[in-house]
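Note: the block below is structure.cif and it holds mmCIF, C-alpha atoms and all ligand atoms.
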```cif
data_final
#
loop_
_atom_site.label_atom_id
_atom_site.label_comp_id
_atom_site.auth_asym_id
_atom_site.auth_seq_id
_atom_site.Cartn_x
_atom_site.Cartn_y
_atom_site.Cartn_z
CA MET A 110 182.13 -32.72 19.93
CA LYS A 111 179.18 -34.58 18.41
CA GLU A 112 177.28 -34.69 21.70
CA GLU A 113 177.91 -31.02 22.28
CA LEU A 114 176.48 -30.09 18.88
CA LEU A 115 173.45 -32.33 19.26
CA ALA A 116 172.75 -30.82 22.67
CA LYS A 117 172.89 -27.30 21.17
CA ILE A 118 170.48 -28.37 18.42
CA GLU A 119 168.04 -29.89 20.88
CA ALA A 120 168.24 -26.78 23.06
CA LEU A 121 167.47 -24.62 20.05
CA GLN A 122 164.38 -26.65 19.23
CA LYS A 123 163.17 -26.54 22.79
CA GLU A 124 163.67 -22.80 23.01
CA ALA A 125 162.04 -22.23 19.65
CA VAL A 126 158.88 -24.10 20.57
CA GLN A 127 158.50 -22.08 23.77
CA VAL A 128 159.35 -18.69 22.33
CA LEU A 129 157.28 -19.04 19.19
CA SER A 130 154.02 -19.76 20.98
CA SER A 131 154.38 -16.54 22.99
CA PHE A 132 154.50 -14.27 19.93
CA GLN A 133 151.57 -11.93 19.24
CA SER A 134 152.56 -10.40 15.90
CA ILE A 135 153.82 -11.48 12.51
CA LYS A 136 156.70 -9.03 12.85
CA GLU A 137 157.97 -10.89 15.95
CA LEU A 138 157.76 -14.19 14.05
CA GLN A 139 159.74 -12.86 11.13
CA ASP A 140 162.42 -11.37 13.37
CA TYR A 141 162.75 -14.68 15.19
CA LYS A 142 163.04 -16.58 11.90
CA ILE A 143 166.04 -14.44 10.96
CA HIS A 144 167.44 -14.81 14.50
CA VAL A 145 167.46 -18.61 14.27
CA LEU A 146 167.45 -19.61 10.59
CA GLY A 147 168.99 -16.55 8.95
CA LYS A 148 172.49 -16.35 7.42
CA LYS A 149 173.96 -15.38 10.80
CA GLY A 150 171.26 -17.21 12.75
CA LEU A 151 171.77 -19.53 15.72
CA LEU A 152 171.18 -22.77 13.81
CA THR A 153 173.46 -21.65 10.98
CA GLU A 154 176.18 -20.97 13.55
CA VAL A 155 175.73 -24.46 15.02
CA LEU A 156 176.01 -26.02 11.58
CA LYS A 157 179.36 -24.35 11.10
CA GLY A 158 180.64 -26.76 13.79
CA LEU A 159 179.86 -29.73 11.45
CA GLY A 160 183.25 -29.25 9.80
CA GLY A 161 184.98 -30.38 13.00
CA LEU A 162 183.19 -33.76 13.03
CA SER A 163 184.33 -37.03 11.57
CA PRO A 164 182.77 -38.12 8.22
CA GLU A 165 180.65 -40.77 10.01
CA GLU A 166 179.26 -38.33 12.61
CA ARG A 167 178.53 -35.52 10.13
CA PRO A 168 175.39 -36.97 8.41
CA LEU A 169 173.83 -37.88 11.74
CA VAL A 170 174.13 -34.41 13.20
CA GLY A 171 173.32 -32.79 9.87
CA GLN A 172 170.12 -34.80 9.56
CA ARG A 173 169.04 -33.87 13.07
CA ALA A 174 169.77 -30.20 12.36
CA ASN A 175 167.62 -30.40 9.23
CA GLU A 176 164.77 -31.99 11.14
CA VAL A 177 164.88 -29.23 13.74
CA LYS A 178 165.01 -26.61 10.99
CA GLN A 179 161.91 -28.12 9.36
CA THR A 180 160.08 -28.34 12.67
CA ILE A 181 160.76 -24.67 13.39
CA GLU A 182 159.79 -23.67 9.84
CA SER A 183 156.49 -25.53 9.83
CA GLN A 184 155.74 -24.13 13.29
CA LEU A 185 156.47 -20.64 11.93
CA ILE A 186 154.07 -21.14 9.01
CA LEU A 187 151.29 -22.40 11.27
CA LEU A 188 151.66 -19.53 13.70
CA GLN A 189 151.89 -16.98 10.88
CA LYS A 190 148.57 -18.26 9.46
CA SER A 191 146.83 -18.06 12.78
CA LEU A 192 148.19 -14.57 13.54
CA GLU A 193 147.13 -13.34 10.07
CA GLY A 194 143.64 -14.59 10.77
CA LYS A 195 143.56 -12.78 14.10
CA GLU A 196 144.88 -9.56 12.57
CA LYS A 197 142.23 -9.67 9.84
CA GLU A 198 139.49 -10.26 12.34
CA ALA A 199 140.71 -7.37 14.51
CA LYS A 200 140.78 -5.14 11.41
CA PHE A 201 137.22 -6.11 10.44
CA ARG A 202 136.02 -5.53 13.96
CA SER A 203 137.54 -2.06 14.06
CA GLN A 204 135.92 -1.23 10.68
CA LYS A 205 132.52 -2.54 11.62
CA ILE A 206 129.68 -0.60 9.95
CA ASP A 207 126.31 -0.06 11.45
CA ALA A 208 123.94 -1.09 8.71
CA THR A 209 121.01 0.36 10.65
CA LEU A 210 122.28 3.97 10.39
CA PRO A 211 120.24 6.16 8.00
CA GLY A 212 121.74 6.51 4.48
CA LEU A 213 122.98 9.67 2.79
CA GLN A 214 120.20 12.14 2.09
CA PHE A 215 119.85 13.11 -1.56
CA GLY A 216 117.82 16.20 -2.40
CA LYS A 217 114.69 15.36 -4.38
CA GLY A 218 114.71 16.65 -7.94
CA PHE A 219 112.01 19.01 -9.20
CA ARG A 220 110.93 20.47 -12.48
CA HIS A 221 112.24 23.81 -13.74
CA PRO A 222 109.50 26.48 -13.69
CA LEU A 223 109.68 26.77 -17.50
CA SER A 224 109.15 23.02 -17.88
CA LEU A 225 106.27 23.21 -15.44
CA VAL A 226 104.55 25.97 -17.40
CA GLN A 227 105.27 24.29 -20.72
CA LYS A 228 103.77 21.01 -19.45
CA GLU A 229 100.74 22.91 -18.19
CA ILE A 230 100.23 24.58 -21.59
CA GLU A 231 100.69 21.25 -23.38
CA GLN A 232 98.17 19.53 -21.12
CA ILE A 233 95.47 22.11 -21.84
CA PHE A 234 95.80 21.48 -25.59
CA LEU A 235 96.19 17.71 -25.23
CA ASN A 236 92.85 17.75 -23.40
CA LEU A 237 91.33 19.55 -26.41
CA GLY A 238 92.54 16.79 -28.76
CA PHE A 239 95.70 18.50 -30.07
CA SER A 240 98.91 16.49 -30.52
CA ILE A 241 102.52 17.59 -29.98
CA HIS A 242 105.06 18.07 -32.79
CA GLU A 243 108.65 19.28 -32.80
CA GLY A 244 110.95 20.86 -35.35
CA PRO A 245 114.67 21.68 -35.52
CA ASP A 246 116.17 24.73 -33.75
CA CYS A 247 118.46 25.27 -36.72
CA GLU A 248 116.25 26.18 -39.66
CA SER A 249 116.55 27.35 -43.23
CA ASP A 250 115.41 30.78 -44.36
CA TYR A 251 112.68 28.97 -46.30
CA TYR A 252 110.92 27.42 -43.29
CA ASN A 253 111.49 30.34 -40.91
CA PHE A 254 110.52 33.13 -43.35
CA GLY A 255 109.94 32.25 -47.01
CA ALA A 256 107.20 29.66 -46.69
CA LEU A 257 105.53 31.84 -44.05
CA ASN A 258 104.93 34.63 -46.54
CA PHE A 259 107.64 37.01 -45.26
CA PRO A 260 108.68 39.32 -48.12
CA PRO A 261 112.43 39.21 -49.00
CA ASP A 262 113.08 42.60 -47.38
CA HIS A 263 111.10 42.03 -44.15
CA PRO A 264 112.90 43.61 -41.15
CA ALA A 265 112.77 40.33 -39.14
CA ARG A 266 115.29 38.97 -41.66
CA GLU A 267 117.87 41.63 -40.68
CA MET A 268 121.15 40.52 -39.09
CA GLN A 269 120.39 42.56 -35.96
CA ASP A 270 117.23 40.50 -35.33
CA THR A 271 118.13 37.00 -36.50
CA PHE A 272 121.12 34.78 -35.69
CA TYR A 273 122.50 33.44 -38.98
CA ILE A 274 124.73 30.41 -39.10
CA LYS A 275 127.88 30.96 -41.14
CA SER A 276 128.21 28.26 -43.72
CA GLU A 277 131.03 27.58 -46.20
CA ILE A 278 128.58 27.08 -49.01
CA ARG A 279 126.68 30.35 -49.10
CA ASN A 280 123.39 29.72 -50.74
CA PRO A 281 120.72 32.34 -50.08
CA LYS A 282 118.01 29.78 -50.88
CA SER A 283 119.06 27.42 -48.09
CA GLU A 284 120.67 29.93 -45.72
CA LEU A 285 120.81 28.53 -42.19
CA LEU A 286 119.67 30.40 -39.10
CA LEU A 287 118.43 29.79 -35.57
CA ARG A 288 114.64 29.83 -35.80
CA THR A 289 113.19 33.11 -34.54
CA HIS A 290 109.81 31.52 -33.78
CA THR A 291 108.16 28.09 -33.71
CA SER A 292 105.99 28.93 -36.74
CA PRO A 293 108.28 26.96 -39.15
CA VAL A 294 106.90 23.81 -37.51
CA GLN A 295 103.50 24.75 -39.03
CA ILE A 296 105.06 24.39 -42.48
CA ARG A 297 106.93 21.17 -41.65
CA VAL A 298 103.73 19.56 -40.33
CA MET A 299 101.49 20.71 -43.19
CA GLU A 300 104.04 19.50 -45.78
CA LYS A 301 103.73 15.96 -44.42
CA GLN A 302 100.18 15.77 -43.08
CA LYS A 303 96.92 16.98 -44.50
CA PRO A 304 93.91 18.30 -42.55
CA PRO A 305 92.29 17.78 -40.16
CA LEU A 306 95.29 19.12 -38.19
CA TYR A 307 95.19 19.95 -34.50
CA ILE A 308 98.77 20.38 -33.32
CA ILE A 309 100.98 22.32 -30.95
CA ALA A 310 104.76 22.71 -31.25
CA PRO A 311 106.79 23.70 -28.18
CA GLY A 312 110.46 24.58 -28.40
CA ALA A 313 113.37 27.01 -28.10
CA VAL A 314 113.63 30.09 -30.32
CA TYR A 315 116.41 32.67 -30.77
CA ARG A 316 116.52 36.43 -31.30
CA HIS A 317 119.07 39.26 -30.96
CA ASP A 318 117.58 40.69 -27.80
CA HIS A 319 118.83 40.92 -24.24
CA ASP A 320 117.35 42.78 -21.26
CA VAL A 321 115.21 42.07 -18.17
CA THR A 322 112.28 40.81 -20.25
CA HIS A 323 114.14 39.47 -23.32
CA SER A 324 116.62 36.63 -23.63
CA PRO A 325 118.52 35.68 -26.82
CA MET A 326 117.11 32.17 -26.35
CA PHE A 327 113.59 31.66 -25.10
CA HIS A 328 110.67 29.26 -25.59
CA GLN A 329 107.44 29.33 -27.51
CA VAL A 330 104.46 27.09 -27.96
CA GLU A 331 103.00 27.23 -31.45
CA GLY A 332 99.50 26.05 -32.26
CA LEU A 333 97.81 25.15 -35.51
CA MET A 334 94.27 24.02 -36.26
CA VAL A 335 93.32 23.37 -39.89
CA ASP A 336 90.11 21.70 -40.98
CA THR A 337 86.99 22.41 -43.01
CA ASN A 338 84.94 25.38 -41.77
CA ILE A 339 87.37 26.71 -39.17
CA THR A 340 86.50 30.33 -38.38
CA PHE A 341 87.76 33.21 -36.31
CA GLY A 342 85.10 32.14 -33.81
CA ASP A 343 86.97 28.86 -33.28
CA LEU A 344 90.17 30.82 -32.73
CA LYS A 345 88.47 32.99 -30.12
CA GLY A 346 86.84 30.05 -28.40
CA VAL A 347 90.00 27.93 -28.12
CA LEU A 348 92.25 30.80 -27.02
CA THR A 349 89.76 32.23 -24.52
CA LEU A 350 89.43 28.80 -22.96
CA PHE A 351 93.21 28.49 -22.87
CA CYS A 352 93.71 31.91 -21.20
CA ARG A 353 91.10 31.26 -18.53
CA THR A 354 92.44 27.77 -17.80
CA ILE A 355 95.99 28.93 -17.32
CA PHE A 356 95.41 32.35 -15.69
CA GLY A 357 92.12 31.82 -13.88
CA ALA A 358 88.42 31.74 -14.80
CA ASP A 359 87.90 35.41 -13.88
CA ARG A 360 90.43 36.76 -16.45
CA LYS A 361 88.97 38.99 -19.16
CA VAL A 362 90.33 38.19 -22.64
CA ARG A 363 90.67 40.76 -25.42
CA PHE A 364 91.47 40.29 -29.14
CA ARG A 365 93.25 43.20 -30.87
CA PRO A 366 93.93 43.44 -34.62
CA SER A 367 97.60 42.89 -35.42
CA PHE A 368 99.83 41.88 -38.30
CA PHE A 369 101.92 38.77 -39.01
CA PRO A 370 102.75 37.91 -42.66
CA PHE A 371 101.50 34.31 -42.33
CA VAL A 372 98.00 35.08 -41.01
CA GLU A 373 95.08 37.15 -42.21
CA PRO A 374 93.42 38.56 -40.23
CA GLY A 375 95.99 38.64 -37.44
CA ALA A 376 95.41 39.37 -33.79
CA GLU A 377 97.13 39.81 -30.49
CA VAL A 378 95.49 38.45 -27.37
CA ASP A 379 95.55 40.26 -24.04
CA ILE A 380 94.34 39.21 -20.61
CA SER A 381 93.22 41.58 -17.90
CA CYS A 382 96.06 42.26 -15.47
CA ALA A 383 95.77 39.94 -12.46
CA LEU A 384 97.71 42.30 -10.24
CA CYS A 385 95.42 45.37 -10.54
CA ASN A 386 92.37 43.57 -11.93
CA GLY A 387 92.36 45.81 -15.00
CA LYS A 388 92.63 49.13 -13.17
CA GLY A 389 96.18 49.80 -14.38
CA CYS A 390 99.49 49.31 -12.55
CA ARG A 391 103.25 49.12 -13.06
CA VAL A 392 103.13 45.51 -14.31
CA CYS A 393 100.55 46.15 -17.06
CA GLY A 394 102.02 49.55 -17.90
CA GLY A 395 98.90 51.34 -16.67
CA ASP A 396 96.30 50.15 -19.19
CA GLY A 397 95.06 47.09 -17.27
CA TRP A 398 95.89 44.59 -20.08
CA LEU A 399 98.78 42.18 -20.64
CA GLU A 400 99.64 40.88 -24.10
CA ILE A 401 100.21 37.14 -24.05
CA LEU A 402 100.00 35.74 -27.54
CA GLY A 403 99.91 36.30 -31.28
CA ALA A 404 97.37 34.56 -33.46
CA GLY A 405 95.39 34.70 -36.68
CA MET A 406 93.71 32.81 -39.52
CA VAL A 407 96.29 30.92 -41.60
CA HIS A 408 97.05 33.01 -44.71
CA PRO A 409 95.81 31.40 -47.97
CA ALA A 410 99.31 31.90 -49.44
CA VAL A 411 100.73 29.68 -46.67
CA LEU A 412 98.14 26.94 -47.31
CA GLU A 413 98.90 27.07 -51.04
CA GLU A 414 102.64 26.82 -50.35
CA VAL A 415 102.06 23.44 -48.63
CA LYS A 416 99.53 22.29 -51.22
CA ILE A 417 96.44 22.56 -49.05
CA ASP A 418 93.47 23.99 -50.92
CA PRO A 419 92.43 27.27 -49.20
CA LYS A 420 88.98 27.02 -50.79
CA LYS A 421 88.37 23.72 -49.05
CA TYR A 422 90.25 24.22 -45.79
CA SER A 423 90.82 27.05 -43.36
CA GLY A 424 92.59 27.26 -40.06
CA PHE A 425 94.06 29.36 -37.34
CA ALA A 426 97.50 29.54 -35.75
CA PHE A 427 98.84 31.03 -32.57
CA GLY A 428 102.16 31.43 -30.82
CA MET A 429 102.99 32.27 -27.20
CA GLY A 430 106.12 32.82 -25.15
CA VAL A 431 106.59 30.32 -22.32
CA GLU A 432 108.84 32.69 -20.31
CA ARG A 433 106.31 35.50 -20.55
CA ILE A 434 103.48 33.28 -19.34
CA ALA A 435 105.66 31.93 -16.48
CA MET A 436 106.65 35.49 -15.47
CA LEU A 437 103.02 36.62 -15.35
CA LYS A 438 101.85 33.49 -13.59
CA TYR A 439 104.48 33.61 -10.87
CA GLY A 440 105.14 37.36 -10.67
CA ILE A 441 108.77 37.13 -11.86
CA ASP A 442 110.20 40.44 -13.05
CA ASP A 443 113.57 39.35 -14.50
CA ILE A 444 113.75 36.74 -17.28
CA ARG A 445 117.42 36.01 -16.52
CA LEU A 446 116.42 34.22 -13.29
CA PHE A 447 115.22 31.28 -15.42
CA TYR A 448 118.70 30.59 -16.78
CA GLU A 449 120.94 31.26 -13.79
CA SER A 450 120.41 27.83 -12.13
CA ASP A 451 120.21 29.45 -8.69
CA LEU A 452 118.57 26.83 -6.47
CA ARG A 453 117.19 29.49 -4.12
CA PHE A 454 115.04 30.64 -7.03
CA LEU A 455 114.31 27.26 -8.61
CA GLU A 456 113.32 25.52 -5.39
CA GLN A 457 110.28 27.76 -4.98
CA PHE A 458 108.22 26.10 -7.72
N1 LIG B 501 105.32 33.53 -34.67
C1 LIG B 501 104.76 34.72 -34.06
C2 LIG B 501 105.81 35.37 -33.16
O1 LIG B 501 106.78 34.75 -32.84
C3 LIG B 501 103.55 34.42 -33.23
C4 LIG B 501 102.40 33.92 -34.04
C5 LIG B 501 102.21 32.58 -34.27
C6 LIG B 501 101.48 34.81 -34.58
C7 LIG B 501 101.14 32.12 -35.01
C8 LIG B 501 100.41 34.38 -35.31
C9 LIG B 501 100.24 33.03 -35.51
O2 LIG B 501 105.68 36.52 -32.78
#
```

Conversion result in structure tokens:
Amino acid sequence: MKEELLAKIEALQKEAVQVLSSFQSIKELQDYKIHVLGKKGLLTEVLKGLGGLSPEERPLVGQRANEVKQTIESQLILLQKSLEGKEKEAKFRSQKIDATLPGLQFGKGFRHPLSLVQKEIEQIFLNLGFSIHEGPDCESDYYNFGALNFPPDHPAREMQDTFYIKSEIRNPKSELLLRTHTSPVQIRVMEKQKPPLYIIAPGAVYRHDHDVTHSPMFHQVEGLMVDTNITFGDLKGVLTLFCRTIFGADRKVRFRPSFFPFVEPGAEVDISCALCNGKGCRVCGGDGWLEILGAGMVHPAVLEEVKIDPKKYSGFAFGMGVERIAMLKYGIDDIRLFYESDLRFLEQF
């Protein structure tokens, strides 16, 4: 009985050593472990025979069975480790990346045409010694109209022209609105700084207007030059230089009388149409001239409002639409193209 059991145990060990070394996968190992060491496994079956042995024989056979069990188990662990290593290596090999392949191509970014034109305008004035200032898009009635000498009943103040911001506390003195022009920055700068002042103020402005040449939000660049002895001649010189720099040295520049409450005298500036060279065409509406900016000598009432003495100082101001200049420069006939984010359009600049 004892010999028989021992022989079975030895046979099991012998078989195990042979079989185990032939396995190629962890799954095979695990199946074999159950086959030999599991609840209904071969070794477990053999151990059931221990009951039929005498008390002296039992520990001997039991010990041997345990030794064989441990041998098989440690063999299993070793093999499992080595197979895991091989499986990992095979996985890495199959996932090998070629580090010499070219990377993903990202499209290069580029400036929006309106930013391009705005930067170009800014650079012209920076070269003349002007500096750049900014003001808030959301303004009070005071900065947008009142301080700029607009009378209380001026049509620009009407609801159909200006976007008002509804506020819980309705106070006509500090009524909030979206600025309709960049001119309020003139006031904000002159409140804080005294002449000599040579500044421009780019930014977004808002008006109730929507068609192929008007957008409810658009951009302006404001300019302001205040010093002693500034004359209309300075205004003409600076703005003529500006027009010829941005539109070409052969452009004719024309100053027409016009009215804005915060300047006196006021003017509008036209350039000769580049398309027909002043002969008259569809773009210039037939008269050969294109209006591109508003300007004028700062009104004494405005200087007084910001405590600058109009007897000592004088100045001029101007304001231009960035979209309008971009449309003329690039021959764009629909303002909405600037805001549609269509890359086919934007990529051309
Ligand atoms: N603020 C005026 C407009 O938006 C333009 C302007 C600016 C005119 C400065 C004169 C002086 O139409």

Kindly compile the residues surrounding ligand LIG 501 (chain B) within 9 Å, counting only C-alpha atoms and all ligand atoms, and format them as a PyMOL selection string. chain A and resi 289-293+295+314+329-333+367-372+375-377+402-407+425-430

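For the pair CA of Phe458 (chain A) and CA of Pro222 (chain A), the separation is 6.1 Å.
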
Among listed residues A:Trp398, A:Phe215, A:Phe234, A:Phe254, nearest Cys382 (chain A) (using all atoms listed in the file):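 Closest to Cys382 (chain A), using all atoms listed in the file: A:Trp398.
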
From the set A:Lys421, A:Lys111, A:Ala410, A:Glu284, which residue has the shortest atom-to-atom contact distance to Glu165 (chain A), counting all atoms listed in the file?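 Closest residue, counting all atoms listed in the file: A:Lys111.
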
Which of these residues is nearest to Val392 (chain A), using only C-alpha atoms: A:Ile181, A:Leu446, A:Lys228, A:Leu437?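 For Val392 (chain A), the nearest of the candidates is A:Leu437.
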
Atomic distance CA of Glu166 (chain A) - CA of Ala116 (chain A), expressed in Å with one decimal: 14.1 Å

Top pick for closest residue to Ile434 (chain A), considering A:Ile401, A:Ala256, A:Val335, A:Ala310 and counting only C-alpha atoms: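 Residue with the minimum atom-to-atom distance to Ile434 (chain A): A:Ile401.
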
Neighbourhood query: residues within 12 Å of (92.9, 20.8, -26.2), file coordinates, counting all atoms listed in the file; return as a ChimeraX atom specification. /A:229-241,307-309,332-334,346-351,354
